Amino acid sequence: MRVVNDWVALSGRAKSQIRQVAGLGPIENNFLANSAIINGDVAATAHFLGQTEPLPWQDLARALMEGGENNMAIQRRLEAPATPKNTRPIAVSEAVLGWSAGLRGRGLSELLNTNLPSGVMPAAGTMALLDMALVRGSKAEVALLSYLALQGLDPKTADIASVARVISALWHVGLEKEAREMALYVLMARNVELAPPPRTPPARAGNTRPAPRPAPAAPRP
């Protein structure tokens with residue numbers, strides 16, 4: 001977690017200068033695009049994704065950041081070529097996240113007719129209370145129960161249908177910004193692999209010194 005926090009903090013401090021970077025390769029542009037996405041910098045995201053071929057989830061993230069409803073982001077996400085890291089369940093899961101956060105367009109029939117992969121479920125009681133708060137249109141209750149529903153869950157393993165249900169509840173009570181931010185967070189957590197912190201290299205054999213011998217015990221009187 002510390003590595004993630006350090007990365008977010010560093011890219012956040014460089015937010016005002018990040019768009020001045022140019023002449024980079026695809027890997028660097030991809031990394032800086034992810035930094036811009038996690039910091040909510042729409043202009044920098046568009047800049048760096050424009051320098052390389054966006055990954056399918058990055059294209060969806062950009063659409064979420066730009067806002068609006070009627071665009072082709074859902075359709076593009078569903079039509080992205082299948083790869084080992086972009087299977088049909090993954091594509092549909094991410095499209096559902098986008099739809100729950102307010103993106104609209106073609107592709108609804110496929111979302112309705114595809115079984116989503118299951119994951120770790122939030123507490124059933126909390127989700128029931130969330131549904132009731134949504135019916136009442138209580139913005140404060142929905143915000144609180146959304147937080148409680150997902151508290152402690154790993155976005156990578158949480159049940160995607162339940163996460164989408166929470167995001168949709170936020171969106172329907174007028175918390176569109178919070179809904180998009182949550183969808184973006186889940187997209188990032190499921191797609192960005194951060195390197196673990198560097199390990200301290202072991203000491204070289206030539207530099208090791210033998211441990212000092214213990215002092216001889218004093219003779220007994």
# chains A, B, ... in the order shown; residues from 1 in each chain; ligands from 1
>>> select_by_dssp(residues="region 28-86 of chain A", states="helix (DSSP H, G or I)", output="number ranges by chain")
A: 28-38, 42-49, 56-66, 73-79
>>> closest_residue(among="A:Arg88, A:Arg190, A:Arg77, A:His172", to="Leu134 (chain A)", atoms="only C-alpha atoms")
A:His172
>>> closest_residue(among="A:Leu55, A:Val142, A:Leu64, A:Ala44", to="Thr83 (chain A)", atoms="only C-alpha atoms")
A:Leu55
>>> closest_residue(among="A:Pro89, A:Pro155, A:Gly105, A:Gly67", to="Ala179 (chain A)", atoms="only C-alpha atoms")
A:Gly67
>>> residues_around(residues="Met188 (chain A)", least_positions_apart="5", cutoff="10 Å", atoms="only C-alpha atoms", output="list in words")
Asn34, Ile37, Ile38, Trp57, Gln58, Ala61, Pro155, Lys156, Met182, Ala183 and Glu193 of chain A
>>> write_last_selection(atoms="all heavy atoms", output="mmCIF file, in the first residue's frame")
data_model
loop_
_atom_site.group_PDB
_atom_site.id
_atom_site.type_symbol
_atom_site.label_atom_id
_atom_site.label_comp_id
_atom_site.auth_asym_id
_atom_site.auth_seq_id
_atom_site.Cartn_x
_atom_site.Cartn_y
_atom_site.Cartn_z
ATOM 1 N N ASN A 34 -1.542 6.842 -16.793
ATOM 2 C CA ASN A 34 -2.120 6.281 -15.569
ATOM 3 C C ASN A 34 -1.995 7.259 -14.406
ATOM 4 O O ASN A 34 -2.903 7.385 -13.579
ATOM 5 C CB ASN A 34 -1.427 4.967 -15.221
ATOM 6 C CG ASN A 34 -1.780 3.854 -16.181
ATOM 7 O OD1 ASN A 34 -2.736 3.963 -16.947
ATOM 8 N ND2 ASN A 34 -1.010 2.782 -16.160
ATOM 9 N N ILE A 37 -4.663 9.815 -14.864
ATOM 10 C CA ILE A 37 -5.990 9.275 -14.557
ATOM 11 C C ILE A 37 -6.217 9.247 -13.056
ATOM 12 O O ILE A 37 -7.261 9.678 -12.553
ATOM 13 C CB ILE A 37 -6.148 7.865 -15.156
ATOM 14 C CG1 ILE A 37 -6.205 7.934 -16.684
ATOM 15 C CG2 ILE A 37 -7.413 7.192 -14.625
ATOM 16 C CD1 ILE A 37 -6.153 6.578 -17.361
ATOM 17 N N ILE A 38 -5.235 8.754 -12.315
ATOM 18 C CA ILE A 38 -5.429 8.601 -10.874
ATOM 19 C C ILE A 38 -5.503 9.948 -10.169
ATOM 20 O O ILE A 38 -6.062 10.073 -9.084
ATOM 21 C CB ILE A 38 -4.313 7.721 -10.273
ATOM 22 C CG1 ILE A 38 -4.800 7.084 -8.971
ATOM 23 C CG2 ILE A 38 -3.050 8.509 -10.027
ATOM 24 C CD1 ILE A 38 -3.903 6.008 -8.438
ATOM 25 N N TRP A 57 -9.237 -0.274 -21.193
ATOM 26 C CA TRP A 57 -9.739 0.288 -19.939
ATOM 27 C C TRP A 57 -9.382 1.766 -19.823
ATOM 28 O O TRP A 57 -10.132 2.544 -19.215
ATOM 29 C CB TRP A 57 -9.201 -0.501 -18.744
ATOM 30 C CG TRP A 57 -7.782 -0.204 -18.382
ATOM 31 C CD1 TRP A 57 -6.674 -0.860 -18.808
ATOM 32 C CD2 TRP A 57 -7.318 0.841 -17.518
ATOM 33 N NE1 TRP A 57 -5.543 -0.298 -18.274
ATOM 34 C CE2 TRP A 57 -5.913 0.746 -17.477
ATOM 35 C CE3 TRP A 57 -7.943 1.845 -16.788
ATOM 36 C CZ2 TRP A 57 -5.123 1.616 -16.730
ATOM 37 C CZ3 TRP A 57 -7.162 2.713 -16.042
ATOM 38 C CH2 TRP A 57 -5.773 2.587 -16.011
ATOM 39 N N GLN A 58 -8.240 2.173 -20.395
ATOM 40 C CA GLN A 58 -7.857 3.583 -20.345
ATOM 41 C C GLN A 58 -8.818 4.441 -21.163
ATOM 42 O O GLN A 58 -9.143 5.568 -20.775
ATOM 43 C CB GLN A 58 -6.429 3.756 -20.857
ATOM 44 C CG GLN A 58 -5.364 3.203 -19.934
ATOM 45 C CD GLN A 58 -3.986 3.274 -20.555
ATOM 46 O OE1 GLN A 58 -3.822 3.087 -21.761
ATOM 47 N NE2 GLN A 58 -2.981 3.542 -19.745
ATOM 48 N N ALA A 61 -11.764 4.859 -19.042
ATOM 49 C CA ALA A 61 -11.462 5.792 -17.951
ATOM 50 C C ALA A 61 -11.498 7.230 -18.443
ATOM 51 O O ALA A 61 -12.015 8.122 -17.762
ATOM 52 C CB ALA A 61 -10.094 5.463 -17.353
ATOM 53 N N PRO A 155 -10.727 -4.068 -4.384
ATOM 54 C CA PRO A 155 -11.379 -3.833 -5.681
ATOM 55 C C PRO A 155 -11.079 -4.909 -6.718
ATOM 56 O O PRO A 155 -11.877 -5.130 -7.622
ATOM 57 C CB PRO A 155 -10.813 -2.476 -6.118
ATOM 58 C CG PRO A 155 -10.358 -1.822 -4.864
ATOM 59 C CD PRO A 155 -9.909 -2.925 -3.967
ATOM 60 N N LYS A 156 -9.939 -5.579 -6.580
ATOM 61 C CA LYS A 156 -9.578 -6.602 -7.560
ATOM 62 C C LYS A 156 -10.407 -7.868 -7.406
ATOM 63 O O LYS A 156 -10.572 -8.624 -8.362
ATOM 64 C CB LYS A 156 -8.093 -6.947 -7.438
ATOM 65 C CG LYS A 156 -7.160 -5.834 -7.888
ATOM 66 C CD LYS A 156 -5.719 -6.302 -7.864
ATOM 67 C CE LYS A 156 -4.784 -5.228 -8.393
ATOM 68 N NZ LYS A 156 -3.373 -5.684 -8.421
ATOM 69 N N MET A 182 -15.458 6.552 -8.177
ATOM 70 C CA MET A 182 -15.397 5.181 -7.692
ATOM 71 C C MET A 182 -15.167 4.206 -8.848
ATOM 72 O O MET A 182 -14.379 3.259 -8.731
ATOM 73 C CB MET A 182 -16.677 4.815 -6.936
ATOM 74 C CG MET A 182 -16.639 3.427 -6.310
ATOM 75 S SD MET A 182 -18.088 3.063 -5.300
ATOM 76 C CE MET A 182 -17.827 4.193 -3.930
ATOM 77 N N ALA A 183 -15.847 4.435 -9.966
ATOM 78 C CA ALA A 183 -15.642 3.574 -11.132
ATOM 79 C C ALA A 183 -14.196 3.661 -11.617
ATOM 80 O O ALA A 183 -13.580 2.648 -11.962
ATOM 81 C CB ALA A 183 -16.608 3.964 -12.247
ATOM 82 N N GLU A 193 -0.608 -2.616 -12.510
ATOM 83 C CA GLU A 193 0.278 -3.440 -11.703
ATOM 84 C C GLU A 193 1.484 -2.598 -11.311
ATOM 85 O O GLU A 193 2.251 -2.161 -12.170
ATOM 86 C CB GLU A 193 0.737 -4.671 -12.490
ATOM 87 C CG GLU A 193 -0.382 -5.648 -12.816
ATOM 88 C CD GLU A 193 -0.929 -6.338 -11.581
ATOM 89 O OE1 GLU A 193 -0.208 -6.369 -10.560
ATOM 90 O OE2 GLU A 193 -2.063 -6.837 -11.629
#
>>> residues_around(residues="region 125-128 of chain A", least_positions_apart="5", cutoff="10 Å", atoms="only C-alpha atoms", output="MDAnalysis selection string")
chainID A and resid 133:134 145:150 162 165:166
>>> residues_around(residues="region 111-116 of chain A", least_positions_apart="4", cutoff="9 Å", atoms="only C-alpha atoms", output="short mmCIF file (atom, residue, chain, number, x, y, z; two decimals) with all heavy atoms, in the first residue's frame")
data_model
loop_
_atom_site.label_atom_id
_atom_site.label_comp_id
_atom_site.auth_asym_id
_atom_site.auth_seq_id
_atom_site.Cartn_x
_atom_site.Cartn_y
_atom_site.Cartn_z
N ARG A 88 -13.65 -11.72 -22.51
CA ARG A 88 -15.02 -11.20 -22.59
C ARG A 88 -15.58 -10.85 -21.21
O ARG A 88 -16.17 -9.77 -21.04
CB ARG A 88 -15.89 -12.23 -23.31
CG ARG A 88 -17.36 -11.87 -23.45
CD ARG A 88 -17.65 -10.53 -24.07
NE ARG A 88 -16.74 -10.11 -25.11
CZ ARG A 88 -16.83 -8.96 -25.77
NH1 ARG A 88 -17.81 -8.12 -25.50
NH2 ARG A 88 -15.96 -8.64 -26.69
N PRO A 89 -15.41 -11.69 -20.17
CA PRO A 89 -15.92 -11.29 -18.85
C PRO A 89 -15.30 -10.01 -18.33
O PRO A 89 -15.98 -9.19 -17.70
CB PRO A 89 -15.56 -12.49 -17.96
CG PRO A 89 -15.49 -13.65 -18.89
CD PRO A 89 -14.93 -13.09 -20.16
N ILE A 90 -13.99 -9.81 -18.59
CA ILE A 90 -13.34 -8.58 -18.14
C ILE A 90 -13.92 -7.38 -18.88
O ILE A 90 -14.23 -6.34 -18.28
CB ILE A 90 -11.82 -8.66 -18.37
CG1 ILE A 90 -11.20 -9.69 -17.42
CG2 ILE A 90 -11.16 -7.30 -18.18
CD1 ILE A 90 -9.72 -9.92 -17.64
N VAL A 92 -16.86 -7.01 -20.33
CA VAL A 92 -18.24 -6.73 -19.91
C VAL A 92 -18.26 -6.15 -18.50
O VAL A 92 -19.03 -5.23 -18.21
CB VAL A 92 -19.09 -8.01 -20.01
CG1 VAL A 92 -20.49 -7.77 -19.43
CG2 VAL A 92 -19.20 -8.47 -21.45
N SER A 93 -17.41 -6.67 -17.61
CA SER A 93 -17.36 -6.15 -16.24
C SER A 93 -17.01 -4.67 -16.23
O SER A 93 -17.64 -3.87 -15.52
CB SER A 93 -16.33 -6.93 -15.42
OG SER A 93 -16.70 -8.28 -15.28
N ALA A 95 -17.31 -2.56 -18.77
CA ALA A 95 -18.39 -1.81 -19.41
C ALA A 95 -19.54 -1.58 -18.44
O ALA A 95 -20.17 -0.51 -18.43
CB ALA A 95 -18.88 -2.56 -20.65
N VAL A 96 -19.83 -2.56 -17.59
CA VAL A 96 -20.88 -2.42 -16.58
C VAL A 96 -20.51 -1.31 -15.59
O VAL A 96 -21.37 -0.52 -15.18
CB VAL A 96 -21.11 -3.76 -15.85
CG1 VAL A 96 -21.93 -3.55 -14.58
CG2 VAL A 96 -21.82 -4.74 -16.76
N GLY A 107 -24.73 -1.27 -26.66
CA GLY A 107 -24.09 -2.35 -25.93
C GLY A 107 -24.88 -2.84 -24.73
O GLY A 107 -24.46 -3.78 -24.06
N ASP A 159 -17.02 -8.42 -5.78
CA ASP A 159 -18.04 -8.81 -6.75
C ASP A 159 -18.40 -7.61 -7.62
O ASP A 159 -18.85 -6.58 -7.11
CB ASP A 159 -19.28 -9.33 -6.02
CG ASP A 159 -20.35 -9.79 -6.97
OD1 ASP A 159 -20.15 -10.82 -7.64
OD2 ASP A 159 -21.39 -9.11 -7.05
N ILE A 160 -18.17 -7.74 -8.92
CA ILE A 160 -18.29 -6.58 -9.81
C ILE A 160 -19.74 -6.11 -9.93
O ILE A 160 -20.01 -4.91 -10.04
CB ILE A 160 -17.70 -6.90 -11.20
CG1 ILE A 160 -17.41 -5.60 -11.97
CG2 ILE A 160 -18.60 -7.82 -11.99
CD1 ILE A 160 -16.33 -4.78 -11.38
N ALA A 161 -20.70 -7.03 -9.88
CA ALA A 161 -22.10 -6.63 -9.96
C ALA A 161 -22.50 -5.81 -8.73
O ALA A 161 -23.25 -4.83 -8.84
CB ALA A 161 -22.99 -7.86 -10.10
#
>>> select_by_dssp(residues="region 7-156 of chain A", states="strand (DSSP E or B)", output="PyMOL selection string")
chain A and resi 70+83+86+104+120
>>> write_last_selection(atoms="all heavy atoms", output="mmCIF file, in the first residue's frame")
data_model
loop_
_atom_site.group_PDB
_atom_site.id
_atom_site.type_symbol
_atom_site.label_atom_id
_atom_site.label_comp_id
_atom_site.auth_asym_id
_atom_site.auth_seq_id
_atom_site.Cartn_x
_atom_site.Cartn_y
_atom_site.Cartn_z
ATOM 1 N N ASN A 70 -23.833 10.308 -23.738
ATOM 2 C CA ASN A 70 -23.962 9.722 -25.068
ATOM 3 C C ASN A 70 -22.611 9.713 -25.780
ATOM 4 O O ASN A 70 -22.200 10.690 -26.384
ATOM 5 C CB ASN A 70 -24.992 10.502 -25.888
ATOM 6 C CG ASN A 70 -26.375 10.426 -25.266
ATOM 7 O OD1 ASN A 70 -26.804 9.360 -24.864
ATOM 8 N ND2 ASN A 70 -27.052 11.553 -25.168
ATOM 9 N N THR A 83 -7.814 -10.531 -25.690
ATOM 10 C CA THR A 83 -6.450 -10.950 -25.379
ATOM 11 C C THR A 83 -6.501 -11.700 -24.050
ATOM 12 O O THR A 83 -7.537 -11.697 -23.371
ATOM 13 C CB THR A 83 -5.505 -9.737 -25.247
ATOM 14 O OG1 THR A 83 -5.895 -8.969 -24.087
ATOM 15 C CG2 THR A 83 -5.550 -8.853 -26.489
ATOM 16 N N ASN A 86 -7.669 -9.350 -21.698
ATOM 17 C CA ASN A 86 -8.920 -8.682 -22.048
ATOM 18 C C ASN A 86 -9.917 -9.728 -22.526
ATOM 19 O O ASN A 86 -10.291 -9.775 -23.691
ATOM 20 C CB ASN A 86 -8.693 -7.622 -23.133
ATOM 21 C CG ASN A 86 -9.973 -6.872 -23.461
ATOM 22 O OD1 ASN A 86 -10.749 -6.545 -22.568
ATOM 23 N ND2 ASN A 86 -10.214 -6.615 -24.739
ATOM 24 N N ARG A 104 -23.519 6.041 -21.377
ATOM 25 C CA ARG A 104 -24.585 5.397 -22.128
ATOM 26 C C ARG A 104 -24.127 5.173 -23.565
ATOM 27 O O ARG A 104 -23.089 5.654 -23.986
ATOM 28 C CB ARG A 104 -25.861 6.248 -22.101
ATOM 29 C CG ARG A 104 -26.466 6.395 -20.709
ATOM 30 C CD ARG A 104 -26.974 5.060 -20.189
ATOM 31 N NE ARG A 104 -27.570 5.174 -18.871
ATOM 32 C CZ ARG A 104 -26.933 4.934 -17.739
ATOM 33 N NH1 ARG A 104 -25.653 4.579 -17.760
ATOM 34 N NH2 ARG A 104 -27.551 5.037 -16.579
ATOM 35 N N VAL A 120 -16.008 -11.365 -4.116
ATOM 36 C CA VAL A 120 -16.318 -11.204 -2.697
ATOM 37 C C VAL A 120 -17.494 -10.244 -2.561
ATOM 38 O O VAL A 120 -17.458 -9.120 -3.071
ATOM 39 C CB VAL A 120 -15.094 -10.671 -1.930
ATOM 40 C CG1 VAL A 120 -15.422 -10.513 -0.450
ATOM 41 C CG2 VAL A 120 -13.907 -11.608 -2.118
#
>>> atom_distance(atom1="CA of Asp131 (chain A)", atom2="CA of Met65 (chain A)")
26.3 Å
>>> atom_distance(atom1="CA of Asp41 (chain A)", atom2="CA of Ser168 (chain A)")
23.3 Å
>>> residues_around(residues="Ala143 (chain A)", least_positions_apart="5", cutoff="9 Å", atoms="only C-alpha atoms", output="list in words")
Leu130, Ser138, Leu148, Ala169, Leu170, Leu175 and Glu178 of chain A
>>> atom_distance(atom1="CA of Leu78 (chain A)", atom2="CA of Ala91 (chain A)")
5.7 Å
>>> closest_residue(among="A:Asp154, A:Glu176, A:Glu181, A:Glu53", to="Gly68 (chain A)", atoms="only C-alpha atoms")
A:Glu176
>>> closest_residue(among="A:Phe31, A:Glu94, A:Trp99, A:Ala63", to="Pro117 (chain A)", atoms="only C-alpha atoms")
A:Glu94
